[in-house]
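Asker: Take a look at the following structure, please.
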Protein chains: 2
Amino acid sequence: MKARVLVTLKTAVLDPQGKAIEGALRSLGVHGIGSVRQGKVFDIELDQTDQTKAEATLKDACEKLLANTVIESYRIEFVS
Amino acid sequence: MKARVLVTLKTAVLDPQGKAIEGALRSLGVHGIGSVRQGKVFDIELDQTDQTKAEATLKDACEKLLANTVIESYRIEFVS
């Protein structure tokens, strides 16, 4: 079973990396970009075939390692 | 218009960060994870409303800055 975990900064948290990308794009001549926020994506292959169990495993992984839940939020998506 | 750009290492390219995460999860007691590959996600707000033009802008941004096309591939998704 394949899953994708998206970890992004919470909207209230400033994203200096995203701001830097906005500036860099402008100076590279790419116009029409309003705002950029950067996050992380994890493509995960799971041994489980049961979606409920897989989701529990991924939640555990996110809370323990993949996301800093103080400033980041995560979303789990299953890829068929 | 909102878009999401996913930048991931090409499958042929080794991902040491992903391997480190696999090991860390195992030692944290999270079992049932087969493999992990890490990538980047960019949540981008665009001024354009025309999807074709927006896609061209994003492709330009990816080729110039967001992705290293030698080792990474990118995917553009529009978020409604």
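Quick note on naming: the chains in the structure tokens go A, B, ... in the order shown, residues restart at 1 in each chain, and ligands are numbered from 1 in order of appearance.
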Write out the coordinates of chain A as a PDB file with C-alpha atoms, in the first residue's frame after a least-squares overlay onto chain B built on all ordered Cα pairs.
Answerer:
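As a result, part_24.pdb now contains:
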```pdb
ATOM      1  CA  MET A   1      -5.476  30.300  -8.433  1.00  0.00           C
ATOM      2  CA  LYS A   2      -3.750  27.809  -6.178  1.00  0.00           C
ATOM      3  CA  ALA A   3      -1.312  25.143  -7.263  1.00  0.00           C
ATOM      4  CA  ARG A   4       0.843  22.529  -5.638  1.00  0.00           C
ATOM      5  CA  VAL A   5       4.219  21.533  -7.039  1.00  0.00           C
ATOM      6  CA  LEU A   6       5.702  18.219  -5.915  1.00  0.00           C
ATOM      7  CA  VAL A   7       9.427  17.751  -6.421  1.00  0.00           C
ATOM      8  CA  THR A   8      10.780  14.261  -5.821  1.00  0.00           C
ATOM      9  CA  LEU A   9      14.019  12.470  -6.575  1.00  0.00           C
ATOM     10  CA  LYS A  10      13.896  10.352  -9.715  1.00  0.00           C
ATOM     11  CA  THR A  11      13.403   6.683  -8.901  1.00  0.00           C
ATOM     12  CA  ALA A  12      16.873   5.748 -10.159  1.00  0.00           C
ATOM     13  CA  VAL A  13      18.484   8.200  -7.699  1.00  0.00           C
ATOM     14  CA  LEU A  14      19.428   6.996  -4.213  1.00  0.00           C
ATOM     15  CA  ASP A  15      17.634   8.806  -1.363  1.00  0.00           C
ATOM     16  CA  PRO A  16      19.841   8.677   1.772  1.00  0.00           C
ATOM     17  CA  GLN A  17      17.438  10.973   3.668  1.00  0.00           C
ATOM     18  CA  GLY A  18      14.585   8.551   3.065  1.00  0.00           C
ATOM     19  CA  LYS A  19      16.778   5.635   4.186  1.00  0.00           C
ATOM     20  CA  ALA A  20      17.650   7.525   7.380  1.00  0.00           C
ATOM     21  CA  ILE A  21      13.947   8.093   8.069  1.00  0.00           C
ATOM     22  CA  GLU A  22      13.243   4.368   7.585  1.00  0.00           C
ATOM     23  CA  GLY A  23      15.927   3.542  10.152  1.00  0.00           C
ATOM     24  CA  ALA A  24      14.754   6.211  12.579  1.00  0.00           C
ATOM     25  CA  LEU A  25      11.149   5.017  12.392  1.00  0.00           C
ATOM     26  CA  ARG A  26      12.208   1.442  13.076  1.00  0.00           C
ATOM     27  CA  SER A  27      14.249   2.496  16.123  1.00  0.00           C
ATOM     28  CA  LEU A  28      11.296   4.601  17.336  1.00  0.00           C
ATOM     29  CA  GLY A  29       9.120   1.495  17.267  1.00  0.00           C
ATOM     30  CA  VAL A  30       7.034   2.350  14.226  1.00  0.00           C
ATOM     31  CA  HIS A  31       6.741  -0.908  12.334  1.00  0.00           C
ATOM     32  CA  GLY A  32       5.174  -1.814   9.013  1.00  0.00           C
ATOM     33  CA  ILE A  33       6.930   0.879   6.972  1.00  0.00           C
ATOM     34  CA  GLY A  34       8.474  -0.556   3.828  1.00  0.00           C
ATOM     35  CA  SER A  35      10.283   2.325   2.208  1.00  0.00           C
ATOM     36  CA  VAL A  36      10.339   6.108   2.470  1.00  0.00           C
ATOM     37  CA  ARG A  37      11.353   8.692  -0.101  1.00  0.00           C
ATOM     38  CA  GLN A  38      11.444  12.344   0.770  1.00  0.00           C
ATOM     39  CA  GLY A  39      10.634  15.231  -1.502  1.00  0.00           C
ATOM     40  CA  LYS A  40       9.572  18.857  -1.416  1.00  0.00           C
ATOM     41  CA  VAL A  41       6.172  20.417  -1.817  1.00  0.00           C
ATOM     42  CA  PHE A  42       5.472  24.011  -2.803  1.00  0.00           C
ATOM     43  CA  ASP A  43       2.053  25.543  -2.214  1.00  0.00           C
ATOM     44  CA  ILE A  44       1.879  28.367  -4.693  1.00  0.00           C
ATOM     45  CA  GLU A  45      -0.678  31.119  -5.091  1.00  0.00           C
ATOM     46  CA  LEU A  46      -0.830  32.501  -8.634  1.00  0.00           C
ATOM     47  CA  ASP A  47      -2.148  35.797  -9.974  1.00  0.00           C
ATOM     48  CA  GLN A  48      -3.262  34.168 -13.239  1.00  0.00           C
ATOM     49  CA  THR A  49      -6.725  32.714 -13.606  1.00  0.00           C
ATOM     50  CA  ASP A  50      -5.997  30.945 -16.889  1.00  0.00           C
ATOM     51  CA  GLN A  51      -4.846  27.394 -16.178  1.00  0.00           C
ATOM     52  CA  THR A  52      -2.712  27.013 -19.330  1.00  0.00           C
ATOM     53  CA  LYS A  53      -0.811  30.225 -18.598  1.00  0.00           C
ATOM     54  CA  ALA A  54      -0.460  29.299 -14.933  1.00  0.00           C
ATOM     55  CA  GLU A  55       0.965  25.915 -15.887  1.00  0.00           C
ATOM     56  CA  ALA A  56       3.503  27.585 -18.192  1.00  0.00           C
ATOM     57  CA  THR A  57       4.567  29.920 -15.362  1.00  0.00           C
ATOM     58  CA  LEU A  58       4.953  27.024 -12.929  1.00  0.00           C
ATOM     59  CA  LYS A  59       6.902  24.945 -15.443  1.00  0.00           C
ATOM     60  CA  ASP A  60       9.236  27.894 -15.888  1.00  0.00           C
ATOM     61  CA  ALA A  61       9.618  28.225 -12.098  1.00  0.00           C
ATOM     62  CA  CYS A  62      10.369  24.507 -11.743  1.00  0.00           C
ATOM     63  CA  GLU A  63      12.957  24.433 -14.513  1.00  0.00           C
ATOM     64  CA  LYS A  64      14.688  27.582 -13.281  1.00  0.00           C
ATOM     65  CA  LEU A  65      14.590  27.171  -9.514  1.00  0.00           C
ATOM     66  CA  LEU A  66      12.362  24.647  -7.781  1.00  0.00           C
ATOM     67  CA  ALA A  67      13.679  21.383  -9.211  1.00  0.00           C
ATOM     68  CA  ASN A  68      17.106  20.113 -10.191  1.00  0.00           C
ATOM     69  CA  THR A  69      15.908  18.340 -13.302  1.00  0.00           C
ATOM     70  CA  VAL A  70      19.069  16.228 -13.522  1.00  0.00           C
ATOM     71  CA  ILE A  71      18.077  14.204 -10.471  1.00  0.00           C
ATOM     72  CA  GLU A  72      14.553  15.390  -9.617  1.00  0.00           C
ATOM     73  CA  SER A  73      11.214  15.243 -11.319  1.00  0.00           C
ATOM     74  CA  TYR A  74       8.305  17.580 -10.646  1.00  0.00           C
ATOM     75  CA  ARG A  75       4.555  17.383 -10.851  1.00  0.00           C
ATOM     76  CA  ILE A  76       2.149  20.285 -10.997  1.00  0.00           C
ATOM     77  CA  GLU A  77      -1.324  19.926  -9.496  1.00  0.00           C
ATOM     78  CA  PHE A  78      -4.032  22.543  -9.384  1.00  0.00           C
ATOM     79  CA  VAL A  79      -5.978  22.891  -6.170  1.00  0.00           C
ATOM     80  CA  SER A  80      -9.546  24.090  -6.583  1.00  0.00           C
TER      81      SER A  80
END
```
Asker: What parts of chain A does DSSP call strand (DSSP E or B)? I'd like the answer as a PyMOL selection string.
Answerer: chain A and resi 2-9+33-46+72-79
